[in-house]
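Only one structure is covered here, and it is reproduced in the block below.
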Amino acid sequence: MSDTQEKQSPYPVIHALECKACGRCVLECPKHVLELGTVLNERGYAFVTYKGEGCSGCSNCFYTCPEPNAVSVHVPKKEKAEA
Amino acid sequence: MAGEIQKKCSAPGSEKVYKRPDSMNEIYLRKGGAAPTATHYCSGCGHGIIHKLIGEAIDDLGIQDRCVLISPVGCAVFAYYYFDIGNVQAAHGRAPAVGTGISRARDNAVVMSYQGDGDLASIGLNETIQAANRGEKMCVFFVNNTIYGMTGGQMAPTTLVGEITTTCQEGRNSDYTGFPLHMCEILSNLTAPVFIERVSVSDIKHIRKAKIAIKKALEVQRDGKGYAFVEILAGCPNNLRQDSKESIDFINNEVEKEFPLGNFRDRIADTTPLIRPDSDFSKAKLDEVFGIVESVEYATPDPDFKKCLVKIAGFGGQGVLSMGTILAQAGIYGGKNVSWYPSYGPEQRGGTANCSVVLSARPIGSPVVYTPDILVALNRPSLEKFDKDVGPGSYLIYDSSVDNYTPPAGVKAYCVPAVDIAMKSGSAKAVNTVMLGVILSLGQVDLTEKEFEKAIAESFADRPKLIELNLQILKAGYEWAKENLK
């Protein structure tokens with residue numbers, strides 16, 4: 001994966017500490033790139049993890065997540081097409 | 001892992017970030033405890049989803065500094081942990097009253113209440129309907145999860161028929177507990193609401209529609225247009241023993257069947273902002289409203305006069321209460337402290353009525369008269385009820401229509417043909433004025449004829465024809481007493 005590709009691809013940030021492992025984001029992810037983890041965070045929840053690639057930036061996981069601080073989704077702005 | 005990726009693409013402005021709205025706090029300082037960055041809500045709870053939608057709408061509309069949230073009783077009681085906006089926490093079901101107060105006191109405030117089904121549809125049902133009917137400038141976010149969440153999953157007004165809760169273990173039975181209350185439909189019968197919609201936050205499709213409705217409701221408030229109501233079907237997976245998938249399916253397949261989604265009212269476009277003028281509570285304005293004229297001169301209190309307790313009793317319609325107000329008014333003209341304290345039954349006419357009037361040189365502690373210095377009884381039941389309260393040396397004045405009556409020993413009892421005097425003077429109704437003349441003649445109230453006359457003139461100010469008549473009757477009563485009572 002090159003740097004350029006990473007900058008152009010959307011990605012979710014899951015704040016492991018804040019996740020309560022309800023799994024709503026896993027159900028709503030159209031790309032199936034989120035999964036319930038196997039490791040417990042320090043509050044005792046098996047937090048969700050991102051598979052590392054494939055996010056389309058749809059923000060479903062952000063809107064369906066009940067915890068305000070648990071998920072954010074970063075979507076790079078498209079560069080203007082050259083004339 | 002995620003953090004590493006974030007560092008690689010941190011050029012500001014080059015990306016859109018979906019994240020916690022700015023109008024929500026980053027750290028919940030009021031919450032504190034071991035997890036000050038997490039909500040207190042259960043895993044999978046609908047409240048957090050709704051909070052974020054409200055927060056985002058506040059950000060989008062730029063109204064953060066105008067917002068006042070009424071946080072409810074229920075799980076969302078701690079909504080003020082999370083929002084960086086004004087907040088007042090209201091008692092169970094009382095958010096509409098509190099919201100009304102805030103909205104009326106601060107016309108520019110964006111007032112929103114956030115209430116659950118137990119709060120709004122049970123104990124708060126009346127207030128909710130009244131506030132909606134008045135078209136209060138507030139928006140109501142009604143979170144319907146079909147259950148009492150905070151207290152442990154009891155049956156709520158919105159519990160589905162057949163739904164199992166801790167207080168209906170075999171499912172809600174409509175033969176005993178009726179049917180779910182449909183708040184949107186109920187409020188849609190009212191004229192005033194500007195916007196009413198039922199949405200759901202079950203899954204992402206519904207959440208995105210809910211977002212639009214929530215924003216519209218807040219737009220109504222931003223523009224000061226009136227009442228907006230958004231019912232939000234939400235999950236309570238913890239109490240209903242569901243996982244996230246089951247919670248979503250339950251709302252979509254069962255709750256939604258009972259509570260159909262959709263817009264019930266949208267008059268946003270053809271509603272103009274409701275602007276209420278500021279209330280004027282200045283003394284000058286209040287004097288004007290109540291017709292208080294400062295130029296009236298009052299006599300200075302006589303230090304020798306201590307006080308006089310008067311009780312006037314009869315049947316409703318005999319002028320018992322108005323006789324009391326005239327006496328009290330005369331007392332005011334005579335420089336006394338006065339109190340007037342009525343007591344009557346629920347009937348406008350025909351029941352018993354009495355009033356207590358205290359005239360005093362000093363401030364009055366209690367307006368209640370238990371042992372009158374003067375008792376005026378206009379009929380027999382009143383006489384028999386109160387005559388034992390009249391002590392030796394005190395005055396008992398009663399109408400001569402009461403025959404075969406023996407007053408208590410030691411009392412100065414005067415039998416006055418008040419009805420006859422009133423009729424001869426031209427008004428059978430003016431028995432009370434005759435009795436005022438008798439009181440005047442006794443001298444116990446330390447008031448002059450002039451002060452009585454001014455009080456009568458004031459009492460009949462809106463019926464000028466009656467002033468002269470009543471002044472004559474006052475005089476007739478006074479003269480009869482002077483001649484006949486020793």
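Going through the structure tokens in order, the chains are called A, B, and so on, while each chain numbers its residues from 1 and the ligands are numbered from 1 in the order shown.
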
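Those residues of chain B that fall within 7 Å of chain A when using only C-alpha atoms read Ala2, Cys9, Ser14, Glu15, Lys16, Val17, Tyr18, Lys19, Arg20, Ala38, Thr39, Ser43, Gly44, Cys45, Gly46, His47, Gly48, Ile49, Lys52, Asp203, Ile204 and Ser244 of chain B.
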
Write the residues of the selection above to a file with C-alpha atoms, as a compact mmCIF listing (two decimals), in the first residue's frame.
```txt
# COMPACT_ATOMS: atom_id res chain seq x y z
CA ALA B 2 -5.66 3.16 13.94
CA CYS B 9 -2.88 11.61 6.91
CA SER B 14 -7.79 17.82 3.36
CA GLU B 15 -10.41 15.48 4.79
CA LYS B 16 -13.88 15.38 6.20
CA VAL B 17 -14.07 13.79 9.63
CA TYR B 18 -17.27 12.34 11.03
CA LYS B 19 -16.83 12.68 14.77
CA ARG B 20 -18.41 13.76 18.02
CA ALA B 38 -17.73 7.28 28.09
CA THR B 39 -21.47 7.77 28.47
CA SER B 43 -23.98 -1.06 25.32
CA GLY B 44 -26.17 -0.62 22.24
CA CYS B 45 -28.47 1.98 23.84
CA GLY B 46 -30.45 4.31 21.60
CA HIS B 47 -29.83 7.43 23.70
CA GLY B 48 -26.22 7.93 22.58
CA ILE B 49 -27.26 7.75 18.92
CA LYS B 52 -25.19 12.65 18.60
CA ASP B 203 -30.59 0.97 12.00
CA ILE B 204 -28.56 3.26 9.81
CA SER B 244 -27.94 -5.41 18.66
```

Members of region 39-267 of chain B assigned strand (DSSP E or B) by DSSP, as number ranges by chain | B: 67-71, 83, 86-89, 110-116, 139-144, 147-148, 154-155, 161, 165, 168, 172, 195-200, 228-233, 262-266

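Contact shell of Asn354 (chain B) at 7 Å (only C-alpha atoms; same-chain neighbours under 6 positions omitted): Ile312, Ala313, Gly314, Val320, Leu321, Pro342, Ser343 and Tyr344 of chain B.
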
So how many Å separate CA of Gly124 (chain B) and CA of Lys209 (chain B), to one decimal?
-> 27.0 Å

Quick one: pick out all alpha helix (DSSP H) residues within region 182-335 of chain B from a backbone DSSP run and write them as a ChimeraX atom specification.
-> /B:183-187,204-222,244-250,256-258,283-289,320-333

Next, the residues of the selection above should be written as a short mmCIF file (atom, residue, chain, number, x, y, z; two decimals), in the first residue's frame with C-alpha atoms.
```
data_model
loop_
_atom_site.label_atom_id
_atom_site.label_comp_id
_atom_site.auth_asym_id
_atom_site.auth_seq_id
_atom_site.Cartn_x
_atom_site.Cartn_y
_atom_site.Cartn_z
CA MET B 183 -48.37 10.35 21.12
CA CYS B 184 -47.83 11.69 17.60
CA GLU B 185 -51.40 10.82 16.69
CA ILE B 186 -52.76 12.40 19.88
CA LEU B 187 -50.84 15.64 19.37
CA ILE B 204 -28.56 3.26 9.81
CA LYS B 205 -31.27 3.81 7.20
CA HIS B 206 -33.63 4.99 9.88
CA ILE B 207 -30.96 6.96 11.71
CA ARG B 208 -30.27 9.05 8.65
CA LYS B 209 -33.97 9.92 8.32
CA ALA B 210 -34.17 10.67 12.02
CA LYS B 211 -31.29 13.09 11.61
CA ILE B 212 -33.30 15.13 9.11
CA ALA B 213 -36.39 15.28 11.36
CA ILE B 214 -34.37 16.27 14.43
CA LYS B 215 -32.71 19.05 12.50
CA LYS B 216 -36.07 20.30 11.21
CA ALA B 217 -37.49 20.39 14.74
CA LEU B 218 -34.53 22.47 15.87
CA GLU B 219 -34.93 24.73 12.85
CA VAL B 220 -38.45 25.49 14.07
CA GLN B 221 -36.88 26.61 17.34
CA ARG B 222 -34.05 28.51 15.71
CA SER B 244 -27.94 -5.41 18.66
CA LYS B 245 -29.37 -7.47 15.82
CA GLU B 246 -32.41 -8.49 17.84
CA SER B 247 -32.92 -4.91 18.99
CA ILE B 248 -32.92 -3.63 15.42
CA ASP B 249 -35.30 -6.37 14.27
CA PHE B 250 -37.63 -5.79 17.20
CA GLU B 256 -42.82 0.09 13.97
CA LYS B 257 -45.95 -1.93 13.26
CA GLU B 258 -47.63 -0.44 16.32
CA LYS B 283 -44.56 49.26 39.26
CA ALA B 284 -45.99 51.94 36.99
CA LYS B 285 -47.37 49.33 34.61
CA LEU B 286 -48.80 47.19 37.40
CA ASP B 287 -50.45 50.26 38.98
CA GLU B 288 -52.00 51.01 35.60
CA VAL B 289 -53.26 47.44 35.13
CA VAL B 320 -71.72 38.74 52.87
CA LEU B 321 -68.38 38.92 51.07
CA SER B 322 -68.95 42.35 49.52
CA MET B 323 -69.99 43.74 52.90
CA GLY B 324 -66.62 42.56 54.15
CA THR B 325 -64.72 44.22 51.33
CA ILE B 326 -66.57 47.52 51.88
CA LEU B 327 -65.74 47.42 55.59
CA ALA B 328 -62.10 46.59 54.82
CA GLN B 329 -61.95 49.36 52.23
CA ALA B 330 -63.37 51.83 54.74
CA GLY B 331 -60.63 50.64 57.09
CA ILE B 332 -58.00 51.44 54.47
CA TYR B 333 -59.41 54.96 54.10
#
```

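One distance worth recording is that between CA of Glu451 (chain B) and CA of Ser356 (chain B), which is 19.3 Å.
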
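When CA of Leu181 (chain B) is paired with CA of Thr158 (chain B), their separation reads 5.4 Å.
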
Give me the residues within 6 Å of region 57-72 of chain B as a PDB file with N, CA and C atoms, in the first residue's frame, counting only C-alpha atoms and dropping any in the same chain fewer than 5 places off.
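Below you can see selection.pdb, which holds the result:
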```pdb
ATOM      1  N   VAL B  77     -31.447  11.278  32.314  1.00  0.00           N
ATOM      2  CA  VAL B  77     -31.376  12.305  33.364  1.00  0.00           C
ATOM      3  C   VAL B  77     -30.024  13.007  33.352  1.00  0.00           C
ATOM      4  N   ALA B  79     -28.270  13.770  30.732  1.00  0.00           N
ATOM      5  CA  ALA B  79     -27.965  14.361  29.416  1.00  0.00           C
ATOM      6  C   ALA B  79     -27.039  15.564  29.576  1.00  0.00           C
ATOM      7  N   ILE B  85     -24.236  22.804  26.400  1.00  0.00           N
ATOM      8  CA  ILE B  85     -25.276  23.812  26.194  1.00  0.00           C
ATOM      9  C   ILE B  85     -25.971  24.039  27.537  1.00  0.00           C
ATOM     10  N   GLY B  86     -26.889  25.003  27.586  1.00  0.00           N
ATOM     11  CA  GLY B  86     -27.621  25.243  28.826  1.00  0.00           C
ATOM     12  C   GLY B  86     -28.469  24.043  29.188  1.00  0.00           C
ATOM     13  N   ASN B  87     -28.701  23.854  30.474  1.00  0.00           N
ATOM     14  CA  ASN B  87     -29.494  22.698  30.888  1.00  0.00           C
ATOM     15  C   ASN B  87     -30.250  22.992  32.171  1.00  0.00           C
ATOM     16  N   VAL B  88     -31.481  22.508  32.219  1.00  0.00           N
ATOM     17  CA  VAL B  88     -32.232  22.488  33.467  1.00  0.00           C
ATOM     18  C   VAL B  88     -32.792  21.083  33.606  1.00  0.00           C
ATOM     19  N   GLN B  89     -32.638  20.498  34.757  1.00  0.00           N
ATOM     20  CA  GLN B  89     -33.150  19.149  34.962  1.00  0.00           C
ATOM     21  C   GLN B  89     -34.525  19.270  35.606  1.00  0.00           C
ATOM     22  N   ALA B  90     -35.520  18.637  34.998  1.00  0.00           N
ATOM     23  CA  ALA B  90     -36.899  18.776  35.496  1.00  0.00           C
ATOM     24  C   ALA B  90     -37.365  17.494  36.166  1.00  0.00           C
ATOM     25  N   ALA B 109     -34.314  31.876  23.437  1.00  0.00           N
ATOM     26  CA  ALA B 109     -33.730  30.577  23.743  1.00  0.00           C
ATOM     27  C   ALA B 109     -34.270  29.493  22.811  1.00  0.00           C
ATOM     28  N   VAL B 110     -33.398  28.570  22.457  1.00  0.00           N
ATOM     29  CA  VAL B 110     -33.835  27.367  21.749  1.00  0.00           C
ATOM     30  C   VAL B 110     -34.060  26.312  22.835  1.00  0.00           C
ATOM     31  N   VAL B 111     -35.325  26.098  23.164  1.00  0.00           N
ATOM     32  CA  VAL B 111     -35.653  25.203  24.273  1.00  0.00           C
ATOM     33  C   VAL B 111     -35.993  23.827  23.719  1.00  0.00           C
ATOM     34  N   MET B 112     -35.361  22.809  24.279  1.00  0.00           N
ATOM     35  CA  MET B 112     -35.714  21.448  23.857  1.00  0.00           C
ATOM     36  C   MET B 112     -35.835  20.560  25.082  1.00  0.00           C
ATOM     37  N   SER B 113     -36.853  19.729  25.065  1.00  0.00           N
ATOM     38  CA  SER B 113     -36.943  18.748  26.135  1.00  0.00           C
ATOM     39  C   SER B 113     -36.655  17.385  25.551  1.00  0.00           C
ATOM     40  N   TYR B 114     -36.109  16.547  26.382  1.00  0.00           N
ATOM     41  CA  TYR B 114     -35.694  15.213  25.959  1.00  0.00           C
ATOM     42  C   TYR B 114     -36.335  14.265  26.960  1.00  0.00           C
ATOM     43  N   GLN B 115     -37.357  13.531  26.525  1.00  0.00           N
ATOM     44  CA  GLN B 115     -38.134  12.772  27.504  1.00  0.00           C
ATOM     45  C   GLN B 115     -38.397  11.346  27.038  1.00  0.00           C
ATOM     46  N   LYS B 215     -33.212  17.740  12.929  1.00  0.00           N
ATOM     47  CA  LYS B 215     -32.710  19.050  12.498  1.00  0.00           C
ATOM     48  C   LYS B 215     -33.874  19.994  12.174  1.00  0.00           C
TER      49      LYS B 215
END
```

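For the set B:Leu485, B:Cys308, B:Ala131, B:Val402, the residue with the smallest atom-to-atom gap to Leu375 (chain B) is B:Cys308, counting only C-alpha atoms.
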
Which polymer residues have any atom within 7 Å of an atom of region 224-228 of chain B, counting only C-alpha atoms, with same-chain residues fewer than 4 positions away left out, as a list in words?
-> Ala132, Gly135, Glu136, Lys137, Met138, Cys139, Val140, Pro193, Val194, Phe195, Ile196, Ala217, Val220, Thr271, Thr272, Pro273 and Leu274 of chain B

Please dump the current selection as a short mmCIF file (atom, residue, chain, number, x, y, z; two decimals), in the first residue's frame; keep N, CA and C atoms.
```
data_model
loop_
_atom_site.label_atom_id
_atom_site.label_comp_id
_atom_site.auth_asym_id
_atom_site.auth_seq_id
_atom_site.Cartn_x
_atom_site.Cartn_y
_atom_site.Cartn_z
N ALA B 132 -48.23 21.54 24.10
CA ALA B 132 -48.38 21.44 22.64
C ALA B 132 -49.55 22.29 22.18
N GLY B 135 -48.85 25.77 21.90
CA GLY B 135 -47.85 26.07 20.87
C GLY B 135 -46.60 26.68 21.45
N GLU B 136 -46.19 26.17 22.60
CA GLU B 136 -44.98 26.71 23.22
C GLU B 136 -43.80 26.59 22.27
N LYS B 137 -42.92 27.55 22.37
CA LYS B 137 -41.74 27.51 21.52
C LYS B 137 -40.71 26.56 22.14
N MET B 138 -40.91 25.30 21.89
CA MET B 138 -39.95 24.31 22.36
C MET B 138 -40.03 23.09 21.46
N CYS B 139 -38.93 22.35 21.38
CA CYS B 139 -39.06 21.10 20.65
C CYS B 139 -38.85 19.95 21.62
N VAL B 140 -39.64 18.93 21.40
CA VAL B 140 -39.68 17.79 22.30
C VAL B 140 -39.12 16.58 21.57
N PRO B 193 -49.34 22.74 17.11
CA PRO B 193 -47.99 22.25 16.75
C PRO B 193 -47.61 22.54 15.30
N VAL B 194 -46.36 22.88 15.11
CA VAL B 194 -45.86 23.22 13.78
C VAL B 194 -45.29 22.00 13.08
N PHE B 195 -44.68 21.13 13.88
CA PHE B 195 -43.99 19.99 13.27
C PHE B 195 -44.14 18.76 14.17
N ILE B 196 -44.62 17.66 13.60
CA ILE B 196 -44.74 16.41 14.35
C ILE B 196 -44.27 15.27 13.44
N ALA B 217 -36.86 19.96 13.49
CA ALA B 217 -37.49 20.39 14.74
C ALA B 217 -36.68 21.52 15.38
N VAL B 220 -37.23 24.82 13.61
CA VAL B 220 -38.45 25.49 14.07
C VAL B 220 -38.12 26.37 15.27
N THR B 271 -45.45 28.92 8.47
CA THR B 271 -45.57 29.46 9.82
C THR B 271 -44.57 30.60 9.98
N THR B 272 -45.06 31.71 10.50
CA THR B 272 -44.16 32.84 10.73
C THR B 272 -43.68 32.82 12.18
N PRO B 273 -42.52 33.38 12.44
CA PRO B 273 -42.00 33.38 13.81
C PRO B 273 -42.99 34.02 14.78
N LEU B 274 -43.10 33.40 15.95
CA LEU B 274 -43.98 33.90 17.00
C LEU B 274 -43.15 34.78 17.92
#
```
